[in-house]
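Asks: Take a look at structure.txt, compact mmCIF, C-alpha atoms:
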```txt
# COMPACT_ATOMS: atom_id res chain seq x y z
CA MET A 1 10.62 15.77 25.09
CA SER A 2 10.06 17.88 28.19
CA ARG A 3 6.50 18.85 28.99
CA LEU A 4 7.84 22.38 29.58
CA GLU A 5 8.52 22.74 25.86
CA LYS A 6 5.38 24.20 24.37
CA TYR A 7 4.22 23.03 20.97
CA ASP A 8 0.73 22.88 19.57
CA TYR A 9 0.53 19.14 20.13
CA GLY A 10 -1.45 19.03 23.39
CA GLU A 11 1.46 18.23 25.69
CA ASP A 12 -0.57 19.20 28.74
CA TRP A 13 -3.12 16.51 27.93
CA LEU A 14 -1.21 13.71 26.23
CA SER A 15 1.43 11.19 27.15
CA ASP A 16 4.95 11.66 25.84
CA ARG A 17 4.33 8.70 23.56
CA ALA A 18 1.25 10.32 22.05
CA VAL A 19 3.15 13.57 21.51
CA ARG A 20 5.89 11.62 19.71
CA TYR A 21 3.24 10.11 17.45
CA ARG A 22 1.75 13.49 16.64
CA LYS A 23 4.96 15.49 16.32
CA ARG A 24 5.60 14.54 12.74
CA PHE A 25 5.20 16.66 9.65
CA ASN A 26 3.09 14.74 7.19
CA VAL A 27 2.64 16.34 3.79
CA LYS A 28 -0.26 13.96 3.17
CA SER A 29 -2.48 16.21 5.26
CA THR A 30 -1.58 19.28 3.18
CA GLY A 31 -4.34 19.68 0.64
CA ASP A 32 -6.43 16.85 2.07
CA SER A 33 -8.74 19.21 3.92
CA LYS A 34 -9.48 21.14 0.73
CA CYS A 35 -10.19 17.91 -1.12
CA THR A 36 -12.43 16.71 1.71
CA LYS A 37 -14.36 19.94 2.18
CA ASN A 38 -14.76 20.71 -1.51
CA PRO A 39 -14.51 17.39 -3.42
CA TYR A 40 -14.96 17.18 -7.15
CA HIS A 41 -18.15 15.66 -8.55
CA PRO A 42 -18.80 15.62 -12.30
CA ASP A 43 -22.41 16.75 -11.91
CA THR A 44 -22.82 18.58 -8.61
CA ASN A 45 -19.35 20.13 -8.13
CA PRO A 46 -17.27 20.12 -11.35
CA ASN A 47 -14.94 22.81 -9.97
CA GLY A 48 -14.10 20.86 -6.81
CA TYR A 49 -10.73 19.43 -5.86
CA ILE A 50 -9.69 16.13 -7.44
CA ASN A 51 -7.67 13.99 -5.05
CA LEU A 52 -5.45 11.53 -6.89
CA GLY A 53 -3.05 11.32 -3.97
CA ILE A 54 -4.76 8.58 -1.98
CA SER A 55 -4.54 5.06 -3.39
CA GLY A 56 -7.98 3.70 -4.12
CA ASN A 57 -9.79 2.13 -7.05
CA THR A 58 -13.05 3.90 -7.94
CA LEU A 59 -13.33 2.23 -11.35
CA SER A 60 -15.02 -0.96 -10.17
CA SER A 61 -16.69 0.32 -7.00
CA LYS A 62 -20.15 0.09 -8.52
CA ILE A 63 -19.68 -3.58 -9.44
CA VAL A 64 -18.56 -4.42 -5.90
CA ALA A 65 -21.27 -2.29 -4.28
CA GLU A 66 -23.98 -4.00 -6.34
CA LYS A 67 -22.63 -7.40 -5.35
CA MET A 68 -22.55 -6.45 -1.67
CA GLU A 69 -26.09 -5.09 -1.87
CA GLN A 70 -27.26 -8.35 -3.42
CA ILE A 71 -25.58 -10.35 -0.65
CA THR A 72 -26.91 -8.22 2.20
CA LYS A 73 -30.47 -8.23 0.82
CA ASN A 74 -30.52 -12.00 0.99
CA MET A 75 -28.59 -12.28 4.24
CA THR A 76 -30.16 -13.62 7.39
CA ILE A 77 -28.78 -11.98 10.54
CA SER A 78 -28.61 -14.82 13.02
CA PRO A 79 -28.06 -14.16 16.75
CA GLU A 80 -24.66 -15.84 16.47
CA LEU A 81 -23.43 -13.00 14.24
CA LEU A 82 -23.91 -10.57 17.12
CA HIS A 83 -21.48 -12.29 19.48
CA TYR A 84 -17.72 -12.72 19.77
CA HIS A 85 -16.02 -14.91 17.21
CA ASP A 86 -12.62 -16.48 16.73
CA PHE A 87 -10.26 -13.50 16.71
CA ARG A 88 -8.24 -15.18 13.96
CA GLY A 89 -11.25 -14.53 11.73
CA THR A 90 -14.26 -16.72 11.10
CA ALA A 91 -13.50 -20.25 9.94
CA GLU A 92 -15.72 -19.70 6.89
CA LEU A 93 -13.86 -16.63 5.69
CA ARG A 94 -10.42 -18.09 6.34
CA THR A 95 -11.42 -21.19 4.36
CA GLU A 96 -12.56 -19.09 1.39
CA VAL A 97 -9.52 -16.82 1.53
CA ALA A 98 -7.29 -19.91 1.60
CA LYS A 99 -8.92 -21.19 -1.60
CA PHE A 100 -8.73 -17.74 -3.18
CA LEU A 101 -5.04 -17.26 -2.36
CA THR A 102 -4.17 -20.78 -3.47
CA LYS A 103 -5.58 -20.01 -6.90
CA HIS A 104 -4.54 -16.42 -7.46
CA THR A 105 -1.04 -16.61 -5.98
CA HIS A 106 -0.42 -19.91 -7.81
CA ALA A 107 0.62 -21.28 -4.43
CA VAL A 108 3.08 -24.14 -4.57
CA SER A 109 0.79 -26.05 -2.19
CA PRO A 110 -2.77 -25.39 -0.96
CA VAL A 111 -2.90 -22.52 1.52
CA ASN A 112 -3.83 -23.75 4.98
CA ALA A 113 -6.61 -21.71 6.59
CA ASP A 114 -4.95 -22.29 9.98
CA ASN A 115 -1.99 -20.21 8.75
CA LEU A 116 -4.25 -17.20 8.13
CA MET A 117 -5.23 -14.34 10.44
CA VAL A 118 -7.98 -11.87 9.50
CA LEU A 119 -7.62 -8.31 10.82
CA ASN A 120 -9.20 -4.96 10.01
CA GLY A 121 -6.78 -3.99 7.27
CA CYS A 122 -3.27 -4.66 6.00
CA SER A 123 -1.94 -1.81 8.12
CA ALA A 124 -3.32 -3.58 11.19
CA ALA A 125 -1.70 -6.84 10.04
CA THR A 126 1.64 -5.09 9.49
CA ALA A 127 1.47 -3.38 12.87
CA ALA A 128 0.59 -6.68 14.56
CA LEU A 129 3.61 -8.35 12.98
CA GLY A 130 5.75 -5.43 14.08
CA MET A 131 4.55 -5.90 17.66
CA VAL A 132 5.22 -9.64 17.84
CA LEU A 133 8.41 -9.89 15.77
CA PHE A 134 10.41 -6.87 16.90
CA ASP A 135 11.28 -4.95 20.03
CA PRO A 136 11.26 -1.13 20.20
CA GLY A 137 14.39 0.18 18.49
CA ASP A 138 14.95 -2.89 16.32
CA GLY A 139 15.67 -2.12 12.67
CA VAL A 140 13.72 -3.27 9.61
CA ILE A 141 15.26 -2.71 6.18
CA VAL A 142 12.87 -1.37 3.57
CA PRO A 143 13.71 -0.39 -0.02
CA SER A 144 12.74 3.25 -0.58
CA PRO A 145 10.76 4.95 -1.98
CA LEU A 146 8.02 3.08 -0.15
CA TYR A 147 4.38 3.39 0.83
CA ASN A 148 4.41 5.81 3.76
CA GLY A 149 1.64 3.97 5.60
CA MET A 150 4.09 1.15 6.24
CA ASN A 151 6.27 3.63 8.09
CA GLU A 152 3.25 4.56 10.22
CA SER A 153 2.35 0.92 10.92
CA MET A 154 5.85 -0.05 12.00
CA CYS A 155 7.03 3.11 13.72
CA ARG A 156 4.09 4.26 15.77
CA MET A 157 2.88 1.40 17.96
CA PRO A 158 5.72 -1.14 17.51
CA GLU A 159 8.31 1.72 17.61
CA VAL A 160 10.54 -0.05 15.12
CA GLN A 161 13.31 1.80 13.29
CA ILE A 162 12.86 1.86 9.51
CA ILE A 163 16.23 1.49 7.79
CA TYR A 164 15.81 2.86 4.28
CA ALA A 165 17.72 1.10 1.51
CA ASP A 166 17.62 4.02 -0.91
CA LEU A 167 16.93 3.28 -4.56
CA ASP A 168 17.40 6.17 -6.98
CA ASP A 169 16.55 7.26 -10.49
CA LYS A 170 20.14 7.32 -11.76
CA SER A 171 20.54 3.60 -12.46
CA GLU A 172 19.87 2.07 -15.88
CA ILE A 173 16.53 0.82 -14.53
CA PRO A 174 15.27 3.60 -12.21
CA PHE A 175 14.60 2.51 -8.63
CA GLN A 176 15.76 -1.04 -9.32
CA LEU A 177 16.01 -3.25 -6.24
CA THR A 178 19.17 -5.35 -5.93
CA VAL A 179 20.37 -7.54 -3.11
CA GLU A 180 23.67 -5.64 -3.18
CA LYS A 181 21.83 -2.51 -2.03
CA LEU A 182 20.25 -4.46 0.81
CA GLU A 183 23.61 -5.89 1.89
CA SER A 184 25.24 -2.47 1.79
CA ARG A 185 22.52 -0.87 3.89
CA PHE A 186 22.57 -3.78 6.34
CA LYS A 187 26.31 -3.28 6.97
CA GLU A 188 25.90 0.49 7.33
CA ALA A 189 23.11 0.08 9.87
CA GLU A 190 25.12 -2.40 11.91
CA LYS A 191 28.01 0.07 12.05
CA GLU A 192 25.52 2.67 13.28
CA GLY A 193 24.63 0.32 16.14
CA VAL A 194 21.19 -0.68 14.88
CA LYS A 195 20.08 -4.25 15.47
CA ILE A 196 18.53 -5.35 12.18
CA ARG A 197 15.75 -7.89 12.67
CA GLY A 198 13.63 -7.74 9.51
CA LEU A 199 13.16 -7.00 5.82
CA PHE A 200 9.94 -5.52 4.41
CA LEU A 201 9.04 -5.80 0.72
CA ILE A 202 6.02 -4.48 -1.20
CA ASN A 203 5.21 -6.51 -4.30
CA PRO A 204 3.76 -5.15 -6.57
CA HIS A 205 5.54 -2.07 -5.34
CA ASN A 206 3.96 1.12 -4.08
CA PRO A 207 4.67 3.80 -5.36
CA THR A 208 6.71 2.68 -8.40
CA GLY A 209 4.43 -0.10 -9.68
CA ASP A 210 7.41 -2.46 -10.04
CA ILE A 211 6.86 -6.20 -9.90
CA TYR A 212 9.82 -8.08 -8.49
CA PRO A 213 11.01 -10.90 -10.75
CA GLU A 214 11.18 -14.33 -9.14
CA SER A 215 14.99 -14.20 -9.21
CA VAL A 216 15.12 -10.90 -7.27
CA LEU A 217 12.50 -12.06 -4.79
CA ARG A 218 14.45 -15.25 -4.12
CA GLN A 219 17.72 -13.34 -3.73
CA CYS A 220 16.07 -11.08 -1.15
CA LEU A 221 14.81 -14.09 0.79
CA GLU A 222 18.26 -15.69 0.71
CA PHE A 223 19.78 -12.41 1.95
CA ALA A 224 17.30 -12.45 4.84
CA LYS A 225 18.14 -16.04 5.72
CA ARG A 226 21.87 -15.26 5.80
CA HIS A 227 21.19 -12.67 8.46
CA SER A 228 18.33 -14.48 10.26
CA LEU A 229 15.83 -11.75 9.34
CA HIS A 230 12.07 -12.01 9.32
CA VAL A 231 10.64 -11.10 5.91
CA ILE A 232 7.23 -9.44 5.52
CA VAL A 233 5.97 -9.30 1.94
CA ASP A 234 3.02 -6.96 1.35
CA GLU A 235 1.09 -8.24 -1.68
CA ILE A 236 -1.95 -5.97 -1.35
CA TYR A 237 -1.92 -5.18 -5.11
CA MET A 238 -1.67 -8.85 -6.09
CA LEU A 239 -4.92 -8.80 -8.09
CA SER A 240 -4.26 -5.34 -9.56
CA VAL A 241 -1.69 -6.62 -12.05
CA PHE A 242 -3.31 -5.55 -15.32
CA GLY A 243 -0.45 -5.35 -17.82
CA GLU A 244 -0.83 -7.96 -20.53
CA ASP A 245 2.87 -8.82 -20.30
CA ALA A 246 3.17 -8.32 -16.54
CA LYS A 247 4.04 -11.41 -14.49
CA PHE A 248 3.55 -11.37 -10.74
CA THR A 249 5.32 -13.83 -8.44
CA SER A 250 3.83 -14.32 -5.00
CA VAL A 251 6.01 -15.49 -2.15
CA LEU A 252 3.45 -18.29 -1.71
CA SER A 253 4.30 -19.61 -5.17
CA LEU A 254 8.01 -20.14 -4.55
CA GLU A 255 9.27 -23.69 -4.19
CA GLY A 256 11.96 -24.31 -1.62
CA LEU A 257 11.65 -21.08 0.39
CA PRO A 258 14.97 -20.34 2.08
CA ASP A 259 13.40 -19.76 5.51
CA PRO A 260 9.63 -20.35 5.58
CA GLN A 261 9.33 -19.94 9.36
CA ARG A 262 10.55 -16.35 9.01
CA THR A 263 8.60 -15.54 5.83
CA HIS A 264 5.23 -13.82 6.18
CA MET A 265 2.77 -12.41 3.64
CA VAL A 266 0.06 -9.75 3.92
CA TRP A 267 -2.87 -9.23 1.53
CA GLY A 268 -6.21 -7.46 1.80
CA PHE A 269 -9.44 -6.50 0.06
CA SER A 270 -8.96 -2.72 0.16
CA LYS A 271 -7.19 -2.21 -3.18
CA ASP A 272 -8.02 -5.30 -5.23
CA PHE A 273 -11.71 -5.10 -4.32
CA CYS A 274 -12.20 -1.30 -4.11
CA MET A 275 -12.88 -1.47 -0.35
CA SER A 276 -10.60 1.11 1.25
CA GLY A 277 -13.55 2.17 3.42
CA LEU A 278 -14.16 -1.42 4.57
CA PRO A 279 -10.65 -2.53 5.49
CA CYS A 280 -10.00 -6.22 5.90
CA GLY A 281 -6.49 -7.62 5.82
CA VAL A 282 -5.13 -11.15 5.84
CA LEU A 283 -1.84 -12.23 7.35
CA HIS A 284 -0.25 -15.52 6.29
CA SER A 285 2.53 -17.14 8.31
CA TRP A 286 3.81 -20.70 8.47
CA ASN A 287 5.02 -20.05 12.03
CA LYS A 288 2.45 -21.20 14.61
CA TYR A 289 4.10 -19.24 17.42
CA ILE A 290 3.77 -16.00 15.48
CA ASN A 291 0.16 -16.75 14.59
CA ASN A 292 -0.65 -17.44 18.23
CA ALA A 293 1.07 -14.22 19.31
CA VAL A 294 -0.87 -12.18 16.75
CA LYS A 295 -4.10 -13.82 17.89
CA ALA A 296 -3.34 -12.72 21.45
CA ILE A 297 -3.39 -9.03 20.43
CA SER A 298 -5.89 -9.21 17.57
CA PHE A 299 -8.98 -8.46 19.66
CA CYS A 300 -8.08 -4.77 19.15
CA ASN A 301 -8.07 -5.24 15.35
CA ALA A 302 -11.00 -7.57 14.73
CA THR A 303 -13.23 -7.36 11.68
CA THR A 304 -16.98 -7.56 12.30
CA ASN A 305 -18.85 -10.83 11.79
CA ILE A 306 -21.24 -9.27 9.29
CA HIS A 307 -18.37 -7.85 7.24
CA GLN A 308 -16.71 -11.26 7.20
CA ARG A 309 -19.97 -12.94 6.19
CA VAL A 310 -20.33 -10.60 3.19
CA LEU A 311 -16.73 -11.23 2.10
CA THR A 312 -17.21 -14.97 2.52
CA GLU A 313 -20.21 -15.03 0.21
CA MET A 314 -18.44 -12.79 -2.27
CA LEU A 315 -15.49 -15.18 -2.54
CA GLN A 316 -17.81 -18.17 -2.76
CA ASP A 317 -19.30 -16.80 -5.99
CA GLU A 318 -16.51 -17.93 -8.29
CA ASN A 319 -18.57 -17.23 -11.41
CA TRP A 320 -18.91 -13.56 -10.41
CA LEU A 321 -15.22 -13.36 -9.51
CA GLU A 322 -13.79 -15.02 -12.61
CA GLN A 323 -16.34 -14.03 -15.25
CA THR A 324 -17.39 -10.55 -14.13
CA TYR A 325 -15.35 -8.76 -11.51
CA ILE A 326 -11.71 -9.66 -12.19
CA PRO A 327 -11.74 -9.34 -16.01
CA THR A 328 -13.83 -6.16 -15.89
CA ASN A 329 -11.60 -4.58 -13.26
CA HIS A 330 -8.45 -5.41 -15.23
CA GLN A 331 -9.93 -3.99 -18.41
CA LEU A 332 -10.93 -0.75 -16.69
CA LEU A 333 -7.49 -0.43 -15.11
CA ARG A 334 -5.83 -0.93 -18.50
CA GLU A 335 -8.03 1.69 -20.16
CA SER A 336 -7.49 4.37 -17.51
CA HIS A 337 -3.77 3.63 -17.28
CA ARG A 338 -3.42 3.82 -21.07
CA PHE A 339 -5.28 7.13 -21.18
CA LEU A 340 -3.35 8.81 -18.36
CA THR A 341 0.09 7.69 -19.52
CA GLY A 342 -0.73 8.69 -23.09
CA GLU A 343 -1.71 12.19 -21.96
CA LEU A 344 1.40 12.47 -19.78
CA ASP A 345 3.47 11.61 -22.85
CA LYS A 346 1.76 14.44 -24.76
CA LEU A 347 2.63 16.86 -21.96
CA GLY A 348 6.23 15.66 -22.02
CA VAL A 349 6.08 14.26 -18.49
CA PRO A 350 8.39 11.24 -18.03
CA HIS A 351 7.03 8.32 -16.03
CA LEU A 352 7.76 4.68 -15.27
CA LYS A 353 5.94 2.29 -17.57
CA ARG A 354 4.56 -0.44 -15.35
CA GLY A 355 1.53 -2.74 -15.42
CA ALA A 356 0.58 -3.13 -11.77
CA GLY A 357 -0.94 -1.14 -8.93
CA LEU A 358 -3.29 1.82 -9.10
CA PHE A 359 -0.73 4.57 -9.73
CA VAL A 360 1.87 6.02 -12.08
CA TRP A 361 5.26 7.13 -10.75
CA VAL A 362 5.92 10.43 -12.51
CA ASN A 363 9.10 12.50 -12.91
CA MET A 364 8.41 16.27 -12.70
CA GLN A 365 12.05 17.33 -12.36
CA LYS A 366 12.11 19.20 -15.69
CA PHE A 367 9.36 21.49 -14.38
CA LEU A 368 11.32 22.53 -11.28
CA PRO A 369 13.62 25.58 -11.52
CA VAL A 370 15.97 23.75 -9.15
CA VAL A 371 15.71 20.03 -8.44
CA SER A 372 15.13 20.11 -4.70
CA PHE A 373 12.52 19.00 -2.20
CA ASP A 374 11.62 22.65 -1.53
CA GLU A 375 10.75 23.10 -5.20
CA GLU A 376 8.94 19.77 -5.26
CA PHE A 377 6.74 20.98 -2.42
CA LYS A 378 6.09 24.30 -4.17
CA LEU A 379 4.86 22.41 -7.24
CA PHE A 380 2.72 20.23 -5.02
CA LYS A 381 1.06 23.29 -3.45
CA GLU A 382 0.58 24.89 -6.84
CA LEU A 383 -1.19 21.80 -8.12
CA VAL A 384 -3.48 21.78 -5.07
CA GLU A 385 -4.30 25.46 -5.59
CA ASN A 386 -5.29 24.56 -9.15
CA GLY A 387 -7.66 21.85 -7.97
CA VAL A 388 -5.69 18.62 -8.29
CA ARG A 389 -3.72 16.70 -5.68
CA PHE A 390 -0.92 14.21 -6.35
CA THR A 391 1.50 12.95 -3.70
CA PRO A 392 5.11 14.20 -3.83
CA GLY A 393 7.93 11.70 -3.62
CA LYS A 394 9.28 13.02 -0.33
CA VAL A 395 6.24 11.52 1.37
CA TYR A 396 7.48 8.11 0.17
CA PHE A 397 11.06 8.78 1.38
CA CYS A 398 12.29 9.06 -2.19
CA ARG A 399 15.89 10.31 -2.22
CA SER A 400 15.48 11.97 -5.65
CA PRO A 401 13.38 15.18 -5.60
CA GLY A 402 10.73 15.81 -8.23
CA TRP A 403 8.87 12.49 -8.36
CA PHE A 404 5.11 12.28 -7.78
CA ARG A 405 2.62 9.43 -7.48
CA ILE A 406 -0.59 9.88 -9.46
CA ILE A 407 -3.55 7.54 -9.00
CA PHE A 408 -4.98 6.53 -12.37
CA ALA A 409 -7.76 4.21 -11.13
CA ALA A 410 -10.45 6.82 -11.78
CA PRO A 411 -12.96 7.33 -14.62
CA ILE A 412 -11.46 8.74 -17.81
CA VAL A 413 -13.80 11.73 -17.64
CA THR A 414 -12.13 12.65 -14.34
CA LEU A 415 -8.64 12.02 -15.69
CA LYS A 416 -9.35 14.36 -18.63
CA LEU A 417 -10.01 17.19 -16.21
CA VAL A 418 -6.90 16.26 -14.20
CA ILE A 419 -4.76 16.48 -17.34
CA ASP A 420 -6.31 19.83 -18.22
CA ARG A 421 -5.51 21.27 -14.79
CA LEU A 422 -2.03 19.74 -14.74
CA GLY A 423 -1.29 21.03 -18.23
CA LYS A 424 -2.13 24.60 -17.25
CA VAL A 425 0.22 24.45 -14.27
CA LEU A 426 3.08 22.99 -16.31
CA GLU A 427 2.54 25.41 -19.21
CA LYS A 428 2.77 28.35 -16.80
CA ARG A 429 6.01 26.97 -15.37
CA GLN A 430 7.58 26.60 -18.82
CA ARG A 431 6.98 30.21 -19.91
```
Starting from the file, give its structure as structure tokens.
Replies:
Amino acid sequence: MSRLEKYDYGEDWLSDRAVRYRKRFNVKSTGDSKCTKNPYHPDTNPNGYINLGISGNTLSSKIVAEKMEQITKNMTISPELLHYHDFRGTAELRTEVAKFLTKHTHAVSPVNADNLMVLNGCSAATAALGMVLFDPGDGVIVPSPLYNGMNESMCRMPEVQIIYADLDDKSEIPFQLTVEKLESRFKEAEKEGVKIRGLFLINPHNPTGDIYPESVLRQCLEFAKRHSLHVIVDEIYMLSVFGEDAKFTSVLSLEGLPDPQRTHMVWGFSKDFCMSGLPCGVLHSWNKYINNAVKAISFCNATTNIHQRVLTEMLQDENWLEQTYIPTNHQLLRESHRFLTGELDKLGVPHLKRGAGLFVWVNMQKFLPVVSFDEEFKLFKELVENGVRFTPGKVYFCRSPGWFRIIFAAPIVTLKLVIDRLGKVLEKRQR
């Protein structure tokens, strides 16, 4: 873009690259300022804006905060904590994460701490992989809809092309992933002249809440091997599988991986441990060259020593994890999910019935005068004006207008108010 073209993006001050980063319409920001400046609080600001558009778990925050306070009260700050550390992450934390992942992913063999990298969030881990696996302009196939932050992680710094394999709501199982859809999109992209180098999967899926069966996961990995693609599997909601009949399959649990040297997994504490404000992500790869390359750039994405010490001690307390935190968190997720979906049913709002993640994928098409993205955005703005914010499907590159993601991982007293505000908007639209 020429610097003579005047936009309100600061062209006179920024590089062309920075202008490219900024020159994107992002509906996420619409309504965020109102939610930030005038947030809802049950006691001090009951008329404030309720933001259920950003994925976070506030149900178990108090349990985690109390545990962290206990740890930090008893913590001794040694001089060593104030200095540089291994940029792969401290040996102590990687050892504990390895044990944790071995158990909770049902890994086919013990996770090796040397295969782990600790960075300041899963987005940082994804971006680091994008930098070391792909060149600018390379294509990565991603089933859509998809978490929009992945698009940011891959497109901004690594400048990778996201090739959307569109899933829709017209199939017998809405938004069902099949390897045939991946193959079709791969061939289309090649005809368009795009060099496809990778496949990105989110499991459990954001925003639909789907959990990929082992058979589908294996088929995707075999597809990737046929085309010599790197596979990145984001398992950040691994521990947020709360459905009593839900079965999660981690890529670490699969025997006989088709191409382990090109198979990489990302997990973090942000969602499963209510720590979106203290991001810490973990990258697992069996490929030593990739791990070494990530280490070479990880000094920009390091997590502090004190943060890692707290997480280490948290994971070391298996009694707290297994007897208190995990079962309590799952129970709270079940209760809030049951309440929200039950109230949506009463309002006549269709939704996917899933048992993983922190969100419900909701179909608002019947409340749109015309099923279009323009009308979807109008409903989004109307909801914000009435004090509640969900995220419209267009943000997640959904090809079918009218879908919204609603976070349910909030106290039921908050969800009751959300349903009341939503109901008034929908009632007005049905008159």
Asks: Which residue, A:Glu244, A:Asp272, A:Asp420, A:Glu159, has the smallest gap to Gly387 of chain A when you use only C-alpha atoms?
Replies: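 With only C-alpha atoms as the atom set, the closest residue is A:Asp420.
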Asks: Do a neighbour search on segment 361-367 of chain A at 6 Å with all atoms listed in the file, toss out local chain neighbours closer than 6 positions, and write the hits as a list in words.
Replies: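 Listing them by chain and then by number gives Thr208, Pro350, His351, Leu352, Gly402, Trp403, Phe404 and Arg405 of chain A.
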Asks: Give me the residues within 12 Å of Val282 of chain A as a ChimeraX atom specification, counting all atoms listed in the file and dropping any in the same chain fewer than 5 places off.
Replies: /A:88-90,93-98,100-101,113-126,128-129,233-236,264-270,291,294,298,301-303,308
Asks: Nearest to Phe223 of chain A among A:Pro204, A:Gly10, A:Gly198, A:Gly357, with distances taken over all atoms listed in the file: which residue is it?
Replies: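 So, comparing all the options, the nearest one is A:Gly198.
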Asks: Atom CA of Pro46 of chain A and atom CA of Lys424 of chain A are how many Å apart?
Replies: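 Atom-to-atom, atom CA of Pro46 of chain A to atom CA of Lys424 of chain A, that is 16.9 Å.
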Asks: Nearest to Lys73 of chain A among A:Val310, A:Ile202, A:Leu254, A:Ile211, with distances taken over all atoms listed in the file: which residue is it?
Replies: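 With all atoms listed in the file as the atom set, the closest residue is A:Val310.
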Asks: With only C-alpha atoms as the counted atoms, please give the residues lying no more than 9 Å from Leu383 of chain A, apart from itself and same-chain residues fewer than 6 positions off, as a PyMOL selection string.
Replies: chain A and resi 389-390+421-422+425
Asks: List as a list of chain:residue names: which residues have an atom within 10 Å of (1.7, -21.5, -3.4), counting only C-alpha atoms?
Replies: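 Residues with an atom at most 10 Å from (1.7, -21.5, -3.4): A:Leu101, A:Thr102, A:Lys103, A:His104, A:Thr105, A:His106, A:Ala107, A:Val108, A:Ser109, A:Pro110, A:Val111, A:Thr249, A:Ser250, A:Val251, A:Leu252, A:Ser253, A:Leu254, A:Glu255.
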